[in-house]
Amino acid sequence: MKFKSLSELMETYNTEDKCHQYFVSSRWSYGIRCPHCGNHEAEKKIDTFKNKLFKCGACRKQFTVRIGTFLGDTKISYRQWLAAIFLVTSHKKGLSSIQLAKDIGVTQKTAWFMLQRMFYITSGGNNNNKLSGTVEIDETYVGGKEVNKHKSKKTTEYNKIQGDKAIIIGMIERGGDLVMKKFNKLNKINVKPIIDQHISDTAIVNTDESTIYKGALSGRERRIVNHKAKQYVNGEDTTNRIEGSFAHFKRMVNGIHHWLSHRHIQKYTNMFCFRWNTKKLDEHSRIDLFLSNIADTRIMYKEVIA
Ligand SMILES: [Zn+2]
């Protein structure tokens, strides 16, 4: 049964066993595989024990579905994780650790840790397909002490305006996905590999007049919207969509998180892009997609806070 709301989710998965089974089938959709030796249950039997322990018939070692995933070896129940995933992936404007702690009944410290782990596994929901057709690129400044200022200032004099902020490059396909990448400093050399990684060779790229993109587009057709001349819409050539997504992102940062340190910005943009790119999915499909990334995402605390 498809669930559409948190209460329906909690009714469908009303026991630890059912929630556990959801994580098991998400992680091992083609049958359980031992994380120690790689044995598949179809080859040598994998036994199931009490306390949700599995034991591999090949290497004789025990494991749980949490091993090697963002779920970690924590005391947080499967039901709390499932509720947290629902809340984080469905709230369009994001969710603070204070709110998550209240909603699922954990401490704020635990909720913060859960958020970091969940943000870590989302890569923006755009792993495989390059942006194609007409793509808009733009850059914006986030974080630092002046997070509430300079909302729409744009200049090619990066250093003057950047201050202690990070730069985010945003790329969006018309009618398609959004990708955001964080930079400490931006120049033609470091922006080029990101463009090559995420944008199809045949895409038509709309940018503002920034010189950063000159030479970084590797022969892709470029159409320039001249913001300095107040030419925000030049026929079909606009960067309105990417600017709209930046505005949403900044509202989330200012409204929910208030301040982002540089080291966490990429994770927040990943979760933001994941939500943006899955907004047409129903809640159930979005969680299925989120959980399809579950394997091999073990995170140590020192990595989370690094
Ligand atoms: Zn094994």
# chains A, B, ... in the order shown; residues from 1 in each chain; ligands from 1
>>> residues_near_ligand(ligand="ligand 1", cutoff="8 Å", atoms="only C-alpha atoms and all ligand atoms", output="mmCIF file with C-alpha atoms, in the first residue's frame")
data_model
loop_
_atom_site.group_PDB
_atom_site.id
_atom_site.type_symbol
_atom_site.label_atom_id
_atom_site.label_comp_id
_atom_site.auth_asym_id
_atom_site.auth_seq_id
_atom_site.Cartn_x
_atom_site.Cartn_y
_atom_site.Cartn_z
ATOM 1 C CA ARG A 33 24.128 -10.320 0.703
ATOM 2 C CA CYS A 34 26.737 -10.695 3.484
ATOM 3 C CA PRO A 35 28.608 -7.386 3.961
ATOM 4 C CA HIS A 36 31.645 -9.313 5.251
ATOM 5 C CA CYS A 37 32.315 -11.804 2.444
ATOM 6 C CA GLY A 38 29.805 -10.944 -0.279
ATOM 7 C CA ASN A 39 27.926 -14.246 -0.063
ATOM 8 C CA LYS A 55 24.419 -14.979 10.249
ATOM 9 C CA CYS A 56 26.248 -15.809 7.040
ATOM 10 C CA GLY A 57 26.482 -19.506 6.118
ATOM 11 C CA ALA A 58 29.722 -18.911 4.222
ATOM 12 C CA CYS A 59 31.911 -16.853 6.585
ATOM 13 C CA ARG A 60 29.877 -17.568 9.767
ATOM 14 C CA LYS A 61 29.952 -13.887 10.723
ATOM 15 C CA GLN A 62 26.959 -11.972 12.043
#
>>> select_by_dssp(residues="region 8-212 of chain A", states="strand (DSSP E)", output="PyMOL selection string")
chain A and resi 46-48+54-56+62-63+134-142+166-173+178-183+204-207
>>> write_last_selection(atoms="C-alpha atoms", output="mmCIF file, in the first residue's frame")
data_model
loop_
_atom_site.group_PDB
_atom_site.id
_atom_site.type_symbol
_atom_site.label_atom_id
_atom_site.label_comp_id
_atom_site.auth_asym_id
_atom_site.auth_seq_id
_atom_site.Cartn_x
_atom_site.Cartn_y
_atom_site.Cartn_z
ATOM 1 C CA ILE A 46 21.919 -16.680 5.563
ATOM 2 C CA ASP A 47 20.148 -17.395 8.853
ATOM 3 C CA THR A 48 17.922 -14.926 10.650
ATOM 4 C CA PHE A 54 21.766 -12.265 10.348
ATOM 5 C CA LYS A 55 24.419 -14.979 10.249
ATOM 6 C CA CYS A 56 26.248 -15.809 7.040
ATOM 7 C CA GLN A 62 26.959 -11.972 12.043
ATOM 8 C CA PHE A 63 25.606 -8.695 10.700
ATOM 9 C CA THR A 134 18.645 24.241 -22.440
ATOM 10 C CA VAL A 135 20.582 24.575 -19.193
ATOM 11 C CA GLU A 136 20.837 27.676 -17.002
ATOM 12 C CA ILE A 137 23.964 28.274 -14.918
ATOM 13 C CA ASP A 138 24.452 30.910 -12.280
ATOM 14 C CA GLU A 139 26.396 31.462 -9.091
ATOM 15 C CA THR A 140 25.409 32.756 -5.679
ATOM 16 C CA TYR A 141 26.979 33.378 -2.274
ATOM 17 C CA VAL A 142 25.942 31.584 0.897
ATOM 18 C CA ALA A 166 31.010 30.144 -0.020
ATOM 19 C CA ILE A 167 30.055 30.218 -3.680
ATOM 20 C CA ILE A 168 27.446 27.871 -5.052
ATOM 21 C CA ILE A 169 27.225 27.141 -8.747
ATOM 22 C CA GLY A 170 23.711 26.120 -9.737
ATOM 23 C CA MET A 171 22.835 24.328 -12.977
ATOM 24 C CA ILE A 172 19.280 23.573 -14.003
ATOM 25 C CA GLU A 173 17.824 21.928 -17.087
ATOM 26 C CA LEU A 178 18.860 20.893 -10.548
ATOM 27 C CA VAL A 179 22.503 20.428 -9.479
ATOM 28 C CA MET A 180 24.336 22.655 -7.001
ATOM 29 C CA LYS A 181 28.053 22.594 -6.247
ATOM 30 C CA LYS A 182 29.874 24.516 -3.563
ATOM 31 C CA PHE A 183 33.219 26.251 -4.127
ATOM 32 C CA ILE A 204 22.673 25.179 -24.889
ATOM 33 C CA VAL A 205 23.876 27.063 -21.836
ATOM 34 C CA ASN A 206 22.329 30.294 -20.573
ATOM 35 C CA THR A 207 24.492 32.364 -18.240
#
>>> atom_distance(atom1="CA of Asn226 (chain A)", atom2="CA of Gln266 (chain A)")
28.2 Å
>>> closest_residue(among="A:Leu186, A:Leu6, A:Met114, A:Leu53", to="Ser90 (chain A)", atoms="only C-alpha atoms")
A:Leu6
>>> select_by_dssp(residues="region 8-249 of chain A", states="helix (DSSP H, G or I)", output="PyMOL selection string")
chain A and resi 8-12+16-27+50-52+78-90+97-104+108-121+158-162+188-198+211-213+240-249
>>> closest_residue(among="A:Arg223, A:Lys279, A:Glu243, A:Lys75", to="Glu209 (chain A)", atoms="only C-alpha atoms")
A:Arg223
>>> closest_atom_pairs(of="region 35-86 of chain A", to="region 285-289 of chain A", cutoff="12 Å", atoms="only C-alpha atoms", output="Markdown table")
| residue | atom | partner | partner_atom | distance |
| --- | --- | --- | --- | --- |
| A:Trp81 | CA | A:Ile287 | CA | 11.6 |
| A:Leu82 | CA | A:Ile287 | CA | 8.9 |
| A:Ala83 | CA | A:Ile287 | CA | 10.5 |
| A:Ala84 | CA | A:Ile287 | CA | 10.7 |
| A:Ile85 | CA | A:Ile287 | CA | 7.2 |
| A:Phe86 | CA | A:Ile287 | CA | 6.8 |
>>> residues_around(residues="Asn277 (chain A)", least_positions_apart="3", cutoff="12 Å", atoms="only C-alpha atoms", output="list in words")
Thr89, Lys92, Thr122, Ser123, Gly124, Gly125, Asn126, Asn127, Ile172, Glu173, Gly175, Gly176, Asp177, Leu178, Val179, Met180, Ser245, Thr269, Asn270, Met271, Phe272, Cys273, Phe274, Lys280, Leu281, Arg286, Leu289 and Phe290 of chain A
>>> closest_residue(among="A:Gly72, A:Gly255, A:Pro193, A:Gly143", to="Phe113 (chain A)", atoms="only C-alpha atoms")
A:Gly72
>>> atom_distance(atom1="CA of Thr64 (chain A)", atom2="CA of Lys52 (chain A)")
6.4 Å
>>> residues_around(residues="Ile121 (chain A)", least_positions_apart="3", cutoff="8 Å", atoms="only C-alpha atoms", output="JSON, numbers by chain")
{"A": [70, 117, 118, 293, 294, 297]}
>>> atom_distance(atom1="CA of Gly94 (chain A)", atom2="CA of Ile256 (chain A)")
6.7 Å
